[in-house]
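Okay, structure first, notes after.
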Amino acid sequence: MSRIGRKPIPVPKEDKVSIEGDLIAVQGPKGTLDTKLPRGISMEQKDGHLVAIRENDDQAAVHGLARALVNNAVEGVTKGWTRDLEIVGIGYRAEMKGKATVVFSLGYSHPVEYPLPSGISVAIDAKQTRLSVSGIDRQKVGQVAAEMRALRPPDPYKNKGVRYVGERLKKKVGKTGAK
């Protein structure tokens with residue numbers, strides 16, 4: 001039994017939801033998102049709530065997934081999604097080049113330029129070591145943050161690199177002094 005799939009999605013007053021077959025279009029103050037539902041799952045709008053309904057128990061595996069995807073779209077167009085990154089290391093920093101490119105200095109012999117996809121914005125603090133990736137599509141925000149982290153993943157020996165805020169790392173000891 002899918003407990004997540006049975007939970008109704010509250011739709012705020014400022015959002016408009018249109019259901020056309022297996023495509024759900026959600027329009028809110030921050031923008032518009034389309035979500036495609038898996039086969040066998042349908043959405044119904046009942047007194048300000050969206051409810052995911054499956055045809056039979058063969059779709060139980062995707063019932064909660066479909067509900068979560070639509071919920072992420074509703075929350076995205078209402079509040080938006082953010083993912084915070086921090087850069088740790090001497091001389092490691094990031095800066096904006098125009099509005100659509102982030103330039104990273106991560107200890108390589110060259111600066112690394114990261115072009116931002118449409119719908120994603122990045123805010124960098126004054127120290128140039130904290131980034132905030134934001135947008136309305138949760139999957140795209142997470143993907144961009146993961147790609148930025150992959151430019152210099154956190155090193156377990158020196159704890160340097162790009163990491164998520166609040167990410168806990170296990171520090172390794174390294175070599176012990178040989179005779």
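Simple scheme: letters A, B, ... for chains in structure tokens order, numbers from 1 for residues in each chain, numbers from 1 for ligands in the order shown.
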Name all residues at most 9 Å from region 103-107 of chain A (count only C-alpha atoms; drop same-chain ones fewer than 2 positions away) and give them as a compact mmCIF listing (two decimals) with N, CA, C and O atoms, in the first residue's frame.
```txt
# COMPACT_ATOMS: atom_id res chain seq x y z
N ILE A 87 32.18 26.16 -0.61
CA ILE A 87 33.49 25.85 -1.19
C ILE A 87 34.51 25.98 -0.08
O ILE A 87 34.61 27.03 0.57
N GLY A 89 38.57 25.54 0.96
CA GLY A 89 39.94 25.42 0.47
C GLY A 89 40.54 26.79 0.26
O GLY A 89 39.84 27.74 -0.11
N ILE A 90 41.83 26.90 0.50
CA ILE A 90 42.50 28.20 0.34
C ILE A 90 42.55 28.55 -1.14
O ILE A 90 43.02 27.77 -1.97
N GLY A 91 42.02 29.71 -1.48
CA GLY A 91 42.01 30.17 -2.87
C GLY A 91 40.86 29.62 -3.69
O GLY A 91 40.71 29.98 -4.84
N TYR A 92 40.04 28.75 -3.11
CA TYR A 92 38.90 28.21 -3.83
C TYR A 92 37.75 29.22 -3.71
O TYR A 92 37.40 29.64 -2.62
N ARG A 93 37.17 29.59 -4.85
CA ARG A 93 36.05 30.53 -4.81
C ARG A 93 35.26 30.44 -6.11
O ARG A 93 35.66 29.77 -7.06
N ALA A 94 34.13 31.14 -6.10
CA ALA A 94 33.26 31.18 -7.28
C ALA A 94 32.79 32.61 -7.48
O ALA A 94 32.65 33.36 -6.53
N GLU A 95 32.57 32.97 -8.75
CA GLU A 95 32.04 34.30 -9.05
C GLU A 95 31.18 34.22 -10.30
O GLU A 95 31.34 33.32 -11.12
N MET A 96 30.27 35.18 -10.41
CA MET A 96 29.38 35.21 -11.56
C MET A 96 30.05 35.96 -12.71
O MET A 96 30.72 36.97 -12.51
N LYS A 97 29.88 35.43 -13.91
CA LYS A 97 30.35 36.09 -15.12
C LYS A 97 29.10 36.34 -15.95
O LYS A 97 28.55 35.42 -16.54
N THR A 101 26.65 32.47 -16.28
CA THR A 101 27.86 31.65 -16.14
C THR A 101 28.45 31.85 -14.76
O THR A 101 28.57 32.97 -14.27
N SER A 109 44.79 24.51 -12.90
CA SER A 109 45.64 25.49 -13.58
C SER A 109 44.82 26.52 -14.36
O SER A 109 45.38 27.47 -14.89
N HIS A 110 43.51 26.32 -14.42
CA HIS A 110 42.64 27.20 -15.19
C HIS A 110 41.32 27.38 -14.43
O HIS A 110 40.93 26.52 -13.65
N PRO A 111 40.64 28.50 -14.63
CA PRO A 111 39.31 28.65 -14.03
C PRO A 111 38.30 27.76 -14.75
O PRO A 111 38.41 27.54 -15.96
N VAL A 112 37.33 27.24 -14.02
CA VAL A 112 36.31 26.37 -14.60
C VAL A 112 35.03 27.17 -14.76
O VAL A 112 34.51 27.72 -13.79
N GLU A 113 34.52 27.26 -16.00
CA GLU A 113 33.29 27.99 -16.27
C GLU A 113 32.13 27.01 -16.33
O GLU A 113 32.22 25.98 -16.99
N TYR A 114 31.05 27.33 -15.63
CA TYR A 114 29.84 26.50 -15.63
C TYR A 114 28.67 27.32 -16.16
O TYR A 114 28.21 28.23 -15.48
N PRO A 115 28.17 27.03 -17.38
CA PRO A 115 27.02 27.77 -17.90
C PRO A 115 25.73 27.28 -17.22
O PRO A 115 25.52 26.07 -17.09
N LEU A 151 32.64 19.21 -9.85
CA LEU A 151 33.80 19.91 -10.40
C LEU A 151 35.02 19.70 -9.50
O LEU A 151 36.15 19.61 -9.98
N ARG A 152 34.82 19.64 -8.18
CA ARG A 152 35.88 19.33 -7.22
C ARG A 152 35.20 18.71 -5.99
O ARG A 152 34.87 19.41 -5.04
N GLY A 161 37.25 21.19 -1.20
CA GLY A 161 36.39 20.93 -2.34
C GLY A 161 35.04 21.61 -2.22
O GLY A 161 34.82 22.44 -1.34
N VAL A 162 34.13 21.26 -3.11
CA VAL A 162 32.78 21.81 -3.12
C VAL A 162 31.86 20.78 -2.48
O VAL A 162 31.87 19.61 -2.86
```
Which of A:Lys13, A:His49, A:Arg83, A:Arg3 sits closest to Gly135 (chain A) [using only C-alpha atoms] =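 Using only C-alpha atoms, Gly135 (chain A) sits closest to A:Arg83.
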Quick one: residues within 12 Å of Asp15 (chain A), only C-alpha atoms counted, chain neighbours fewer than 5 positions away excluded, as a JSON list (two decimals) with N, CA and C atoms, in the first residue's frame?
```
[["chain", "number", "residue", "atom", "x", "y", "z"],
["A", 10, "PRO", "N", -2.30, 19.61, -1.27],
["A", 10, "PRO", "CA", -3.02, 20.87, -1.17],
["A", 10, "PRO", "C", -2.54, 21.84, -2.26],
["A", 25, "ALA", "N", -0.37, 20.39, -15.83],
["A", 25, "ALA", "CA", 0.26, 21.69, -15.96],
["A", 25, "ALA", "C", -0.08, 22.51, -14.73],
["A", 26, "VAL", "N", 0.95, 22.96, -14.00],
["A", 26, "VAL", "CA", 0.76, 23.75, -12.79],
["A", 26, "VAL", "C", 1.32, 25.14, -13.05],
["A", 27, "GLN", "N", 0.49, 26.15, -12.83],
["A", 27, "GLN", "CA", 0.91, 27.54, -13.04],
["A", 27, "GLN", "C", 0.78, 28.27, -11.71],
["A", 28, "GLY", "N", 1.85, 28.97, -11.33],
["A", 28, "GLY", "CA", 1.86, 29.70, -10.06],
["A", 28, "GLY", "C", 2.57, 31.03, -10.21],
["A", 29, "PRO", "N", 2.83, 31.71, -9.08],
["A", 29, "PRO", "CA", 3.47, 33.02, -9.13],
["A", 29, "PRO", "C", 4.91, 32.98, -9.66],
["A", 30, "LYS", "N", 5.61, 31.86, -9.52],
["A", 30, "LYS", "CA", 7.00, 31.77, -9.97],
["A", 30, "LYS", "C", 7.15, 31.25, -11.39],
["A", 31, "GLY", "N", 6.10, 30.65, -11.97],
["A", 31, "GLY", "CA", 6.22, 30.14, -13.33],
["A", 31, "GLY", "C", 5.26, 28.99, -13.58],
["A", 32, "THR", "N", 5.57, 28.23, -14.64],
["A", 32, "THR", "CA", 4.72, 27.11, -15.05],
["A", 32, "THR", "C", 5.56, 25.85, -15.19],
["A", 33, "LEU", "N", 5.04, 24.73, -14.72],
["A", 33, "LEU", "CA", 5.71, 23.44, -14.85],
["A", 33, "LEU", "C", 4.72, 22.40, -15.38],
["A", 48, "GLY", "N", -9.92, 21.91, -3.84],
["A", 48, "GLY", "CA", -8.62, 22.52, -3.52],
["A", 48, "GLY", "C", -7.50, 21.53, -3.28],
["A", 49, "HIS", "N", -7.73, 20.25, -3.52],
["A", 49, "HIS", "CA", -6.69, 19.24, -3.35],
["A", 49, "HIS", "C", -6.57, 18.41, -4.62],
["A", 50, "LEU", "N", -5.37, 17.90, -4.88],
["A", 50, "LEU", "CA", -5.16, 16.95, -5.97],
["A", 50, "LEU", "C", -4.98, 15.57, -5.35],
["A", 73, "ALA", "N", 6.13, 19.84, -8.26],
["A", 73, "ALA", "CA", 5.78, 20.89, -9.22],
["A", 73, "ALA", "C", 4.94, 21.97, -8.55],
["A", 74, "VAL", "N", 3.99, 21.58, -7.72],
["A", 74, "VAL", "CA", 3.13, 22.56, -7.04],
["A", 74, "VAL", "C", 3.96, 23.42, -6.09],
["A", 75, "GLU", "N", 4.84, 22.78, -5.31],
["A", 75, "GLU", "CA", 5.69, 23.54, -4.39],
["A", 75, "GLU", "C", 6.69, 24.42, -5.14],
["A", 76, "GLY", "N", 7.18, 23.95, -6.28],
["A", 76, "GLY", "CA", 8.15, 24.71, -7.06],
["A", 76, "GLY", "C", 7.59, 26.01, -7.61],
["A", 77, "VAL", "N", 6.37, 25.95, -8.15],
["A", 77, "VAL", "CA", 5.80, 27.18, -8.72],
["A", 77, "VAL", "C", 5.27, 28.11, -7.63],
["A", 78, "THR", "N", 5.09, 27.60, -6.42],
["A", 78, "THR", "CA", 4.62, 28.44, -5.32],
["A", 78, "THR", "C", 5.78, 29.06, -4.56],
["A", 79, "LYS", "N", 6.72, 28.22, -4.06],
["A", 79, "LYS", "CA", 7.83, 28.71, -3.23],
["A", 79, "LYS", "C", 9.18, 28.66, -3.94]]
```
Tell me, in Å to one decimal, how far CA of Glu55 (chain A) is from CA of Val11 (chain A).
->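 Interatomic distance here is 23.1 Å.
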Per DSSP on the backbone, filter region 6-171 of chain A down to the residues in helix (DSSP H, G or I) and report them as number ranges by chain.
-> A: 6, 57-78, 138-150
